[in-house]
$ cat entry.pdb   # PDB, C-alpha atoms, pLDDT in the B column
ATOM      1  CA  MET Z 328      43.370  67.418 -11.474  1.00 87.00           C
ATOM      2  CA  GLU Z 329      42.717  63.772 -12.264  1.00 94.00           C
ATOM      3  CA  PHE Z 330      42.949  61.483  -9.242  1.00 92.00           C
ATOM      4  CA  ALA Z 331      45.733  59.392 -10.801  1.00 92.00           C
ATOM      5  CA  GLU Z 332      47.779  62.566 -11.270  1.00 92.00           C
ATOM      6  CA  VAL Z 333      47.203  63.585  -7.645  1.00 90.00           C
ATOM      7  CA  VAL Z 334      48.516  60.210  -6.481  1.00 91.00           C
ATOM      8  CA  ARG Z 335      51.486  60.392  -8.859  1.00 89.00           C
ATOM      9  CA  ARG Z 336      52.473  63.883  -7.681  1.00 90.00           C
ATOM     10  CA  ARG Z 337      52.133  63.199  -3.963  1.00 92.00           C
ATOM     11  CA  ARG Z 338      55.469  63.423  -2.216  1.00 91.00           C
ATOM     12  CA  MET Z 339      56.837  64.799   1.027  1.00 92.00           C
ATOM     13  CA  VAL Z 340      57.931  68.423   0.607  1.00 93.00           C
ATOM     14  CA  ARG Z 341      60.250  69.871   3.253  1.00 92.00           C
ATOM     15  CA  ASP Z 342      60.544  73.540   2.315  1.00 93.00           C
ATOM     16  CA  TYR Z 343      57.852  76.212   2.073  1.00 96.00           C
ATOM     17  CA  ASP Z 344      57.366  79.776   0.950  1.00 95.00           C
ATOM     18  CA  PRO Z 345      56.940  81.658   4.271  1.00 93.00           C
ATOM     19  CA  ASP Z 346      55.246  84.587   2.547  1.00 94.00           C
ATOM     20  CA  ARG Z 347      52.321  82.632   1.089  1.00 96.00           C
ATOM     21  CA  PRO Z 348      49.774  81.501   3.688  1.00 97.00           C
ATOM     22  CA  VAL Z 349      47.345  78.676   3.025  1.00 97.00           C
ATOM     23  CA  PRO Z 350      44.013  80.219   1.930  1.00 97.00           C
ATOM     24  CA  PRO Z 351      41.289  79.715   4.573  1.00 97.00           C
ATOM     25  CA  ASP Z 352      38.981  77.901   2.151  1.00 97.00           C
ATOM     26  CA  VAL Z 353      41.755  75.443   1.269  1.00 97.00           C
ATOM     27  CA  ARG Z 354      42.526  74.877   4.939  1.00 98.00           C
ATOM     28  CA  GLU Z 355      38.878  74.015   5.566  1.00 98.00           C
ATOM     29  CA  ARG Z 356      38.791  71.612   2.608  1.00 98.00           C
ATOM     30  CA  LEU Z 357      41.806  69.817   4.048  1.00 97.00           C
ATOM     31  CA  LEU Z 358      39.935  69.293   7.301  1.00 98.00           C
ATOM     32  CA  GLN Z 359      36.611  68.440   5.675  1.00 98.00           C
ATOM     33  CA  HIS Z 360      38.296  65.788   3.550  1.00 98.00           C
ATOM     34  CA  ALA Z 361      40.195  64.414   6.548  1.00 98.00           C
ATOM     35  CA  ILE Z 362      36.994  63.578   8.396  1.00 98.00           C
ATOM     36  CA  ARG Z 363      35.783  61.614   5.366  1.00 98.00           C
ATOM     37  CA  ALA Z 364      38.355  58.943   6.169  1.00 98.00           C
ATOM     38  CA  PRO Z 365      37.028  55.496   7.110  1.00 97.00           C
ATOM     39  CA  SER Z 366      36.879  54.578  10.785  1.00 97.00           C
ATOM     40  CA  ALA Z 367      36.077  51.255  12.429  1.00 97.00           C
ATOM     41  CA  GLY Z 368      32.487  51.211  13.642  1.00 97.00           C
ATOM     42  CA  PHE Z 369      32.273  54.840  12.504  1.00 97.00           C
ATOM     43  CA  SER Z 370      33.984  55.562  15.820  1.00 98.00           C
ATOM     44  CA  GLN Z 371      35.714  58.673  14.428  1.00 97.00           C
ATOM     45  CA  GLY Z 372      38.167  58.657  17.316  1.00 97.00           C
ATOM     46  CA  TRP Z 373      40.319  61.472  16.073  1.00 98.00           C
ATOM     47  CA  ALA Z 374      40.988  65.163  16.649  1.00 98.00           C
ATOM     48  CA  PHE Z 375      42.982  67.732  14.673  1.00 98.00           C
ATOM     49  CA  LEU Z 376      44.996  70.555  16.202  1.00 98.00           C
ATOM     50  CA  VAL Z 377      45.334  73.403  13.674  1.00 98.00           C
ATOM     51  CA  LEU Z 378      48.288  75.775  14.114  1.00 98.00           C
ATOM     52  CA  GLU Z 379      48.503  78.833  11.864  1.00 97.00           C
ATOM     53  CA  THR Z 380      49.798  81.887  13.678  1.00 97.00           C
ATOM     54  CA  PRO Z 381      53.561  82.394  14.056  1.00 97.00           C
ATOM     55  CA  GLU Z 382      53.189  82.104  17.832  1.00 97.00           C
ATOM     56  CA  GLU Z 383      51.321  78.784  17.592  1.00 98.00           C
ATOM     57  CA  ARG Z 384      53.811  77.324  15.160  1.00 97.00           C
ATOM     58  CA  ASP Z 385      56.817  78.498  17.165  1.00 96.00           C
ATOM     59  CA  ARG Z 386      55.307  76.898  20.256  1.00 97.00           C
ATOM     60  CA  PHE Z 387      54.933  73.619  18.361  1.00 97.00           C
ATOM     61  CA  TRP Z 388      58.529  73.573  17.177  1.00 96.00           C
ATOM     62  CA  THR Z 389      59.829  74.579  20.597  1.00 94.00           C
ATOM     63  CA  ALA Z 390      57.871  71.747  22.206  1.00 96.00           C
ATOM     64  CA  THR Z 391      58.671  69.025  19.669  1.00 95.00           C
ATOM     65  CA  ALA Z 392      62.054  69.759  18.067  1.00 88.00           C
ATOM     66  CA  PRO Z 393      65.167  68.244  19.692  1.00 70.00           C
ATOM     67  CA  SER Z 394      66.927  70.609  22.033  1.00 59.00           C
ATOM     68  CA  PRO Z 395      70.454  71.844  21.196  1.00 52.00           C
ATOM     69  CA  THR Z 396      71.822  69.595  23.956  1.00 47.00           C
ATOM     70  CA  HIS Z 397      70.228  66.507  22.366  1.00 48.00           C
ATOM     71  CA  PRO Z 398      72.643  64.476  20.212  1.00 52.00           C
ATOM     72  CA  GLY Z 399      72.306  65.866  16.724  1.00 51.00           C
ATOM     73  CA  GLY Z 400      69.765  68.333  18.056  1.00 52.00           C
ATOM     74  CA  ALA Z 401      71.246  71.575  16.752  1.00 48.00           C
ATOM     75  CA  PRO Z 402      68.894  73.251  14.273  1.00 56.00           C
ATOM     76  CA  ASP Z 403      69.722  71.860  10.846  1.00 75.00           C
ATOM     77  CA  GLY Z 404      68.586  72.551   7.327  1.00 83.00           C
ATOM     78  CA  TRP Z 405      65.572  70.261   7.671  1.00 85.00           C
ATOM     79  CA  LEU Z 406      64.241  72.095  10.686  1.00 88.00           C
ATOM     80  CA  THR Z 407      64.988  75.512   9.227  1.00 89.00           C
ATOM     81  CA  ARG Z 408      63.030  74.714   6.080  1.00 92.00           C
ATOM     82  CA  MET Z 409      60.174  72.949   7.846  1.00 94.00           C
ATOM     83  CA  ARG Z 410      59.648  75.885  10.194  1.00 94.00           C
ATOM     84  CA  ARG Z 411      58.648  77.957   7.177  1.00 95.00           C
ATOM     85  CA  ALA Z 412      55.410  75.999   6.716  1.00 97.00           C
ATOM     86  CA  PRO Z 413      52.493  78.392   7.316  1.00 97.00           C
ATOM     87  CA  LEU Z 414      50.096  75.649   8.412  1.00 98.00           C
ATOM     88  CA  LEU Z 415      50.571  72.706  10.747  1.00 98.00           C
ATOM     89  CA  VAL Z 416      47.845  70.167  11.466  1.00 98.00           C
ATOM     90  CA  VAL Z 417      48.441  67.605  14.204  1.00 98.00           C
ATOM     91  CA  PRO Z 418      46.123  64.585  13.756  1.00 98.00           C
ATOM     92  CA  MET Z 419      45.535  62.757  17.024  1.00 98.00           C
ATOM     93  CA  SER Z 420      43.935  59.399  17.721  1.00 98.00           C
ATOM     94  CA  HIS Z 421      41.650  58.694  20.680  1.00 98.00           C
ATOM     95  CA  LYS Z 422      41.607  55.027  21.632  1.00 98.00           C
ATOM     96  CA  ALA Z 423      38.829  55.388  24.205  1.00 98.00           C
ATOM     97  CA  ASP Z 424      36.313  56.317  21.510  1.00 98.00           C
ATOM     98  CA  TYR Z 425      36.898  52.958  19.837  1.00 98.00           C
ATOM     99  CA  LEU Z 426      36.731  50.921  23.020  1.00 98.00           C
ATOM    100  CA  GLU Z 427      33.499  52.674  24.016  1.00 97.00           C
ATOM    101  CA  ARG Z 428      31.966  52.354  20.550  1.00 97.00           C
ATOM    102  CA  TYR Z 429      32.594  48.609  20.459  1.00 97.00           C
ATOM    103  CA  ALA Z 430      31.071  48.198  23.899  1.00 97.00           C
ATOM    104  CA  GLU Z 431      27.724  49.415  22.526  1.00 97.00           C
ATOM    105  CA  ALA Z 432      24.862  46.986  21.993  1.00 97.00           C
ATOM    106  CA  ASP Z 433      25.412  46.390  18.263  1.00 96.00           C
ATOM    107  CA  LYS Z 434      29.058  45.440  18.864  1.00 96.00           C
ATOM    108  CA  GLY Z 435      28.893  43.925  22.336  1.00 95.00           C
ATOM    109  CA  TRP Z 436      32.514  44.021  23.519  1.00 96.00           C
ATOM    110  CA  THR Z 437      31.452  45.290  26.918  1.00 96.00           C
ATOM    111  CA  ASP Z 438      34.743  44.258  28.522  1.00 96.00           C
ATOM    112  CA  ARG Z 439      36.485  46.974  26.452  1.00 96.00           C
ATOM    113  CA  ASP Z 440      39.448  44.619  26.136  1.00 96.00           C
ATOM    114  CA  GLU Z 441      42.101  46.200  23.942  1.00 94.00           C
ATOM    115  CA  SER Z 442      43.467  42.745  23.067  1.00 94.00           C
ATOM    116  CA  ARG Z 443      40.387  42.178  20.874  1.00 95.00           C
ATOM    117  CA  TRP Z 444      41.886  44.568  18.347  1.00 96.00           C
ATOM    118  CA  PRO Z 445      44.360  42.928  15.920  1.00 95.00           C
ATOM    119  CA  VAL Z 446      45.922  46.345  15.218  1.00 97.00           C
ATOM    120  CA  PRO Z 447      45.322  49.788  16.793  1.00 97.00           C
ATOM    121  CA  TYR Z 448      42.598  50.980  14.437  1.00 98.00           C
ATOM    122  CA  TRP Z 449      42.480  54.336  16.206  1.00 98.00           C
ATOM    123  CA  ASP Z 450      45.967  55.035  14.858  1.00 98.00           C
ATOM    124  CA  VAL Z 451      45.294  53.427  11.470  1.00 98.00           C
ATOM    125  CA  ASP Z 452      42.162  55.482  10.859  1.00 98.00           C
ATOM    126  CA  THR Z 453      43.823  58.728  11.920  1.00 98.00           C
ATOM    127  CA  GLY Z 454      46.679  57.904   9.564  1.00 98.00           C
ATOM    128  CA  MET Z 455      44.187  57.514   6.712  1.00 98.00           C
ATOM    129  CA  ALA Z 456      42.723  60.918   7.585  1.00 98.00           C
ATOM    130  CA  SER Z 457      46.247  62.321   7.350  1.00 98.00           C
ATOM    131  CA  LEU Z 458      46.706  60.829   3.888  1.00 98.00           C
ATOM    132  CA  LEU Z 459      43.517  62.497   2.704  1.00 98.00           C
ATOM    133  CA  MET Z 460      44.984  65.831   3.798  1.00 98.00           C
ATOM    134  CA  LEU Z 461      48.191  65.104   1.883  1.00 98.00           C
ATOM    135  CA  LEU Z 462      46.249  64.261  -1.273  1.00 97.00           C
ATOM    136  CA  THR Z 463      44.001  67.298  -0.900  1.00 97.00           C
ATOM    137  CA  ALA Z 464      47.054  69.545  -0.638  1.00 97.00           C
ATOM    138  CA  VAL Z 465      48.349  68.207  -3.965  1.00 96.00           C
ATOM    139  CA  ASP Z 466      44.946  68.675  -5.595  1.00 96.00           C
ATOM    140  CA  GLU Z 467      44.923  72.291  -4.405  1.00 97.00           C
ATOM    141  CA  GLY Z 468      48.380  72.991  -5.813  1.00 96.00           C
ATOM    142  CA  LEU Z 469      50.075  73.018  -2.417  1.00 97.00           C
ATOM    143  CA  ALA Z 470      52.888  71.024  -0.865  1.00 96.00           C
ATOM    144  CA  ALA Z 471      52.734  68.947   2.313  1.00 97.00           C
ATOM    145  CA  CYS Z 472      54.750  66.611   4.503  1.00 96.00           C
ATOM    146  CA  PHE Z 473      53.837  64.074   7.180  1.00 97.00           C
ATOM    147  CA  PHE Z 474      56.399  63.665   9.950  1.00 95.00           C
ATOM    148  CA  GLY Z 475      56.508  62.242  13.444  1.00 95.00           C
ATOM    149  CA  VAL Z 476      56.535  63.779  16.897  1.00 95.00           C
ATOM    150  CA  PRO Z 477      59.387  62.292  18.999  1.00 93.00           C
ATOM    151  CA  PRO Z 478      57.938  60.152  21.815  1.00 94.00           C
ATOM    152  CA  GLU Z 479      60.093  61.874  24.418  1.00 94.00           C
ATOM    153  CA  ARG Z 480      58.489  65.170  23.369  1.00 95.00           C
ATOM    154  CA  LEU Z 481      54.844  64.122  23.720  1.00 95.00           C
ATOM    155  CA  ALA Z 482      54.476  65.349  27.293  1.00 95.00           C
ATOM    156  CA  GLY Z 483      55.856  68.756  26.354  1.00 96.00           C
ATOM    157  CA  PHE Z 484      53.581  68.923  23.319  1.00 97.00           C
ATOM    158  CA  ARG Z 485      50.503  68.127  25.405  1.00 97.00           C
ATOM    159  CA  ALA Z 486      51.468  70.711  28.014  1.00 97.00           C
ATOM    160  CA  ALA Z 487      52.117  73.383  25.385  1.00 97.00           C
ATOM    161  CA  PHE Z 488      48.666  73.024  23.842  1.00 98.00           C
ATOM    162  CA  GLY Z 489      46.518  71.656  26.673  1.00 98.00           C
ATOM    163  CA  VAL Z 490      45.989  68.290  24.941  1.00 98.00           C
ATOM    164  CA  PRO Z 491      44.413  65.637  27.208  1.00 96.00           C
ATOM    165  CA  ASP Z 492      46.446  62.493  27.860  1.00 92.00           C
ATOM    166  CA  GLY Z 493      43.951  60.306  25.987  1.00 95.00           C
ATOM    167  CA  TYR Z 494      44.860  61.892  22.657  1.00 97.00           C
ATOM    168  CA  THR Z 495      47.985  60.667  20.873  1.00 97.00           C
ATOM    169  CA  PRO Z 496      49.551  62.530  17.937  1.00 97.00           C
ATOM    170  CA  VAL Z 497      50.128  60.093  15.089  1.00 97.00           C
ATOM    171  CA  GLY Z 498      52.345  62.742  13.495  1.00 97.00           C
ATOM    172  CA  CYS Z 499      52.048  66.226  12.048  1.00 98.00           C
ATOM    173  CA  VAL Z 500      51.093  67.469   8.574  1.00 98.00           C
ATOM    174  CA  SER Z 501      52.866  70.602   7.362  1.00 98.00           C
ATOM    175  CA  VAL Z 502      51.171  72.448   4.494  1.00 98.00           C
ATOM    176  CA  GLY Z 503      52.068  75.403   2.323  1.00 97.00           C
ATOM    177  CA  TYR Z 504      53.351  76.473  -1.063  1.00 97.00           C
ATOM    178  CA  ALA Z 505      56.613  74.761  -1.956  1.00 94.00           C
ATOM    179  CA  GLY Z 506      59.776  76.756  -1.349  1.00 92.00           C
ATOM    180  CA  THR Z 507      62.835  76.943  -3.552  1.00 84.00           C
ATOM    181  CA  GLU Z 508      65.157  74.963  -1.266  1.00 80.00           C
ATOM    182  CA  ASP Z 509      63.252  71.699  -1.057  1.00 73.00           C
ATOM    183  CA  LYS Z 510      65.603  68.737  -1.002  1.00 70.00           C
ATOM    184  CA  ARG Z 511      64.369  65.286  -1.798  1.00 73.00           C
ATOM    185  CA  SER Z 512      65.063  62.678   0.831  1.00 70.00           C
ATOM    186  CA  PRO Z 513      68.255  60.652   0.275  1.00 71.00           C
ATOM    187  CA  SER Z 514      66.097  57.597   0.972  1.00 71.00           C
ATOM    188  CA  LEU Z 515      64.572  57.992  -2.492  1.00 71.00           C
ATOM    189  CA  ARG Z 516      67.795  56.637  -3.923  1.00 74.00           C
ATOM    190  CA  ARG Z 517      66.508  53.234  -2.940  1.00 79.00           C
ATOM    191  CA  GLY Z 518      63.836  53.526  -5.626  1.00 84.00           C
ATOM    192  CA  ARG Z 519      60.172  52.635  -5.414  1.00 81.00           C
ATOM    193  CA  ARG Z 520      59.434  48.944  -5.158  1.00 86.00           C
ATOM    194  CA  GLY Z 521      57.262  47.725  -7.987  1.00 88.00           C
ATOM    195  CA  VAL Z 522      53.975  45.860  -7.830  1.00 88.00           C
ATOM    196  CA  GLY Z 523      55.722  42.626  -8.738  1.00 84.00           C
ATOM    197  CA  GLU Z 524      57.970  42.918  -5.684  1.00 85.00           C
ATOM    198  CA  VAL Z 525      55.277  43.421  -3.073  1.00 87.00           C
ATOM    199  CA  VAL Z 526      52.105  41.742  -4.393  1.00 87.00           C
ATOM    200  CA  HIS Z 527      51.415  38.048  -3.783  1.00 87.00           C
ATOM    201  CA  ARG Z 528      48.429  36.789  -5.739  1.00 87.00           C
ATOM    202  CA  GLY Z 529      46.472  33.945  -4.222  1.00 88.00           C
ATOM    203  CA  HIS Z 530      49.330  32.582  -2.114  1.00 86.00           C
ATOM    204  CA  TRP Z 531      52.509  34.060  -0.668  1.00 88.00           C
ATOM    205  CA  GLU Z 532      54.909  31.888  -2.668  1.00 69.00           C
ATOM    206  CA  ALA Z 533      53.069  32.906  -5.838  1.00 55.00           C
ATOM    207  CA  GLY Z 534      54.401  36.463  -5.532  1.00 48.00           C
ATOM    208  CA  ILE Z 535      57.413  37.448  -7.595  1.00 55.00           C
ATOM    209  CA  GLY Z 536      58.998  38.866  -4.471  1.00 51.00           C
ATOM    210  CA  GLY Z 537      59.230  35.365  -2.928  1.00 47.00           C
TER
END

$ encode --input "entry.pdb" --output "structure tokens"
Amino acid sequence: MEFAEVVRRRRMVRDYDPDRPVPPDVRERLLQHAIRAPSAGFSQGWAFLVLETPEERDRFWTATAPSPTHPGGAPDGWLTRMRRAPLLVVPMSHKADYLERYAEADKGWTDRDESRWPVPYWDVDTGMASLLMLLTAVDEGLAACFFGVPPERLAGFRAAFGVPDGYTPVGCVSVGYAGTEDKRSPSLRRGRRGVGEVVHRGHWEAGIGG
């Protein structure tokens, strides 16, 4: 598939065929492509938790999905469809790797001061690795979705899978073959903003978007 077509077809899919697992070779390509993402100082401060068996995936949803007592927490159509995904990959950032890398001699920030960072590159880079997985899924003829892990559920997630405190999930990538009940997000009714609305060439006021 041409790269432009991969980008055009990429969208979040929220329903999967539970009877079609992700082939092992495709799963490995997803991960191999993820680690090709750029990272500041080549710090590579990321980790990927791969969940494939029914038990592993059930444990993830139990740990991260809102409980029935949570407002709006009763299992809904979204959760029912998402639970059908045969593969979940949880990309996690590791800030300490970046602070340590930039304390090395060629960088010299020996104080390891987090305020030196204009944005949390550990999260940015892990997000870019996630996007490479999403694009790879499209190229392989699969469907995928990136979604968040509720902050109040992080402790339970770490406990369920033995994840050290220093690792922070930036989200989760579900992967599989698209199901028949996928429903596009109502947010898409807003439409995609065009280049002329978001690009400012040379100076902010020069952009059509104002």

$ closest_residue --input "entry.pdb" --among "Z:Glu332, Z:Asp342, Z:Asp424, Z:Asp403" --to "Z:Thr507" --atoms "all atoms listed in the file"
Z:Asp342

$ resolve_selection --input "entry.pdb" --expression "the PyMOL selection byres ((chain Z and resi 476) around 8)" --output "VMD selection string"
chain Z and resid 391 474 to 475 477 to 478 480 to 481 496 to 499

$ residues_around --input "entry.pdb" --residues "Z:Tyr504" --least-positions-apart "5" --cutoff "9 Å" --atoms "all atoms listed in the file" --output "ChimeraX atom specification"
/Z:342-345,347-349,412-413,468-471

$ closest_residue --input "entry.pdb" --among "Z:Leu406, Z:Met328, Z:Leu426, Z:Leu415" --to "Z:Arg341" --atoms "only C-alpha atoms"
Z:Leu406

$ atom_distance --input "entry.pdb" --atom1 "atom CA of Z:Arg511" --atom2 "atom CA of Z:Gly454"
22.3 Å

$ closest_atom_pairs --input "entry.pdb" --of "stretch 356-410 of chain Z" --to "stretch 435-448 of chain Z" --cutoff "12 Å" --atoms "only C-alpha atoms" --output "Markdown table"
| residue | atom | partner | partner_atom | distance |
| --- | --- | --- | --- | --- |
| Z:Pro365 | CA | Z:Tyr448 | CA | 10.3 |
| Z:Ser366 | CA | Z:Tyr448 | CA | 7.7 |
| Z:Ala367 | CA | Z:Tyr448 | CA | 6.8 |
| Z:Gly368 | CA | Z:Tyr448 | CA | 10.1 |
| Z:Phe369 | CA | Z:Tyr448 | CA | 11.2 |
| Z:Ser370 | CA | Z:Tyr448 | CA | 9.9 |
| Z:Gln371 | CA | Z:Tyr448 | CA | 10.3 |
| Z:Gly372 | CA | Z:Tyr448 | CA | 9.3 |
| Z:Trp373 | CA | Z:Tyr448 | CA | 10.9 |

$ write_last_selection --input "entry.pdb" --atoms "C-alpha atoms" --output "compact mmCIF listing (two decimals), keeping the file's coordinate frame"
# COMPACT_ATOMS: atom_id res chain seq x y z
CA PRO Z 365 37.03 55.50 7.11
CA SER Z 366 36.88 54.58 10.78
CA ALA Z 367 36.08 51.26 12.43
CA GLY Z 368 32.49 51.21 13.64
CA PHE Z 369 32.27 54.84 12.50
CA SER Z 370 33.98 55.56 15.82
CA GLN Z 371 35.71 58.67 14.43
CA GLY Z 372 38.17 58.66 17.32
CA TRP Z 373 40.32 61.47 16.07

$ closest_residue --input "entry.pdb" --among "Z:Pro351, Z:Ile362, Z:Asp346, Z:Val525" --to "Z:Leu459" --atoms "all atoms listed in the file"
Z:Ile362

$ closest_residue --input "entry.pdb" --among "Z:Asp433, Z:Leu461, Z:Tyr494, Z:Asp452" --to "Z:Val334" --atoms "only C-alpha atoms"
Z:Leu461

$ atom_distance --input "entry.pdb" --atom1 "atom CA of Z:Pro513" --atom2 "atom CA of Z:Pro381"
29.6 Å

$ atom_distance --input "entry.pdb" --atom1 "atom CA of Z:Asp509" --atom2 "atom CA of Z:Gly404"
10.0 Å

$ residues_near_point --input "entry.pdb" --point "(41.7, 62.3, 16.2)" --cutoff "7 Å" --atoms "only C-alpha atoms" --output "number ranges by chain"
Z: 372-375, 418-421, 453

$ write_last_selection --input "entry.pdb" --atoms "C-alpha atoms" --output "CSV table (one decimal), in the coordinates of the input"
chain,number,residue,atom,x,y,z
Z,372,GLY,CA,38.2,58.7,17.3
Z,373,TRP,CA,40.3,61.5,16.1
Z,374,ALA,CA,41.0,65.2,16.6
Z,375,PHE,CA,43.0,67.7,14.7
Z,418,PRO,CA,46.1,64.6,13.8
Z,419,MET,CA,45.5,62.8,17.0
Z,420,SER,CA,43.9,59.4,17.7
Z,421,HIS,CA,41.6,58.7,20.7
Z,453,THR,CA,43.8,58.7,11.9

$ residues_around --input "entry.pdb" --residues "Z:Ala464" --least-positions-apart "5" --cutoff "12 Å" --atoms "only C-alpha atoms" --output "ChimeraX atom specification"
/Z:328,333-334,336-340,349-350,352-358,360-361,414,457-459,469-473,500-505
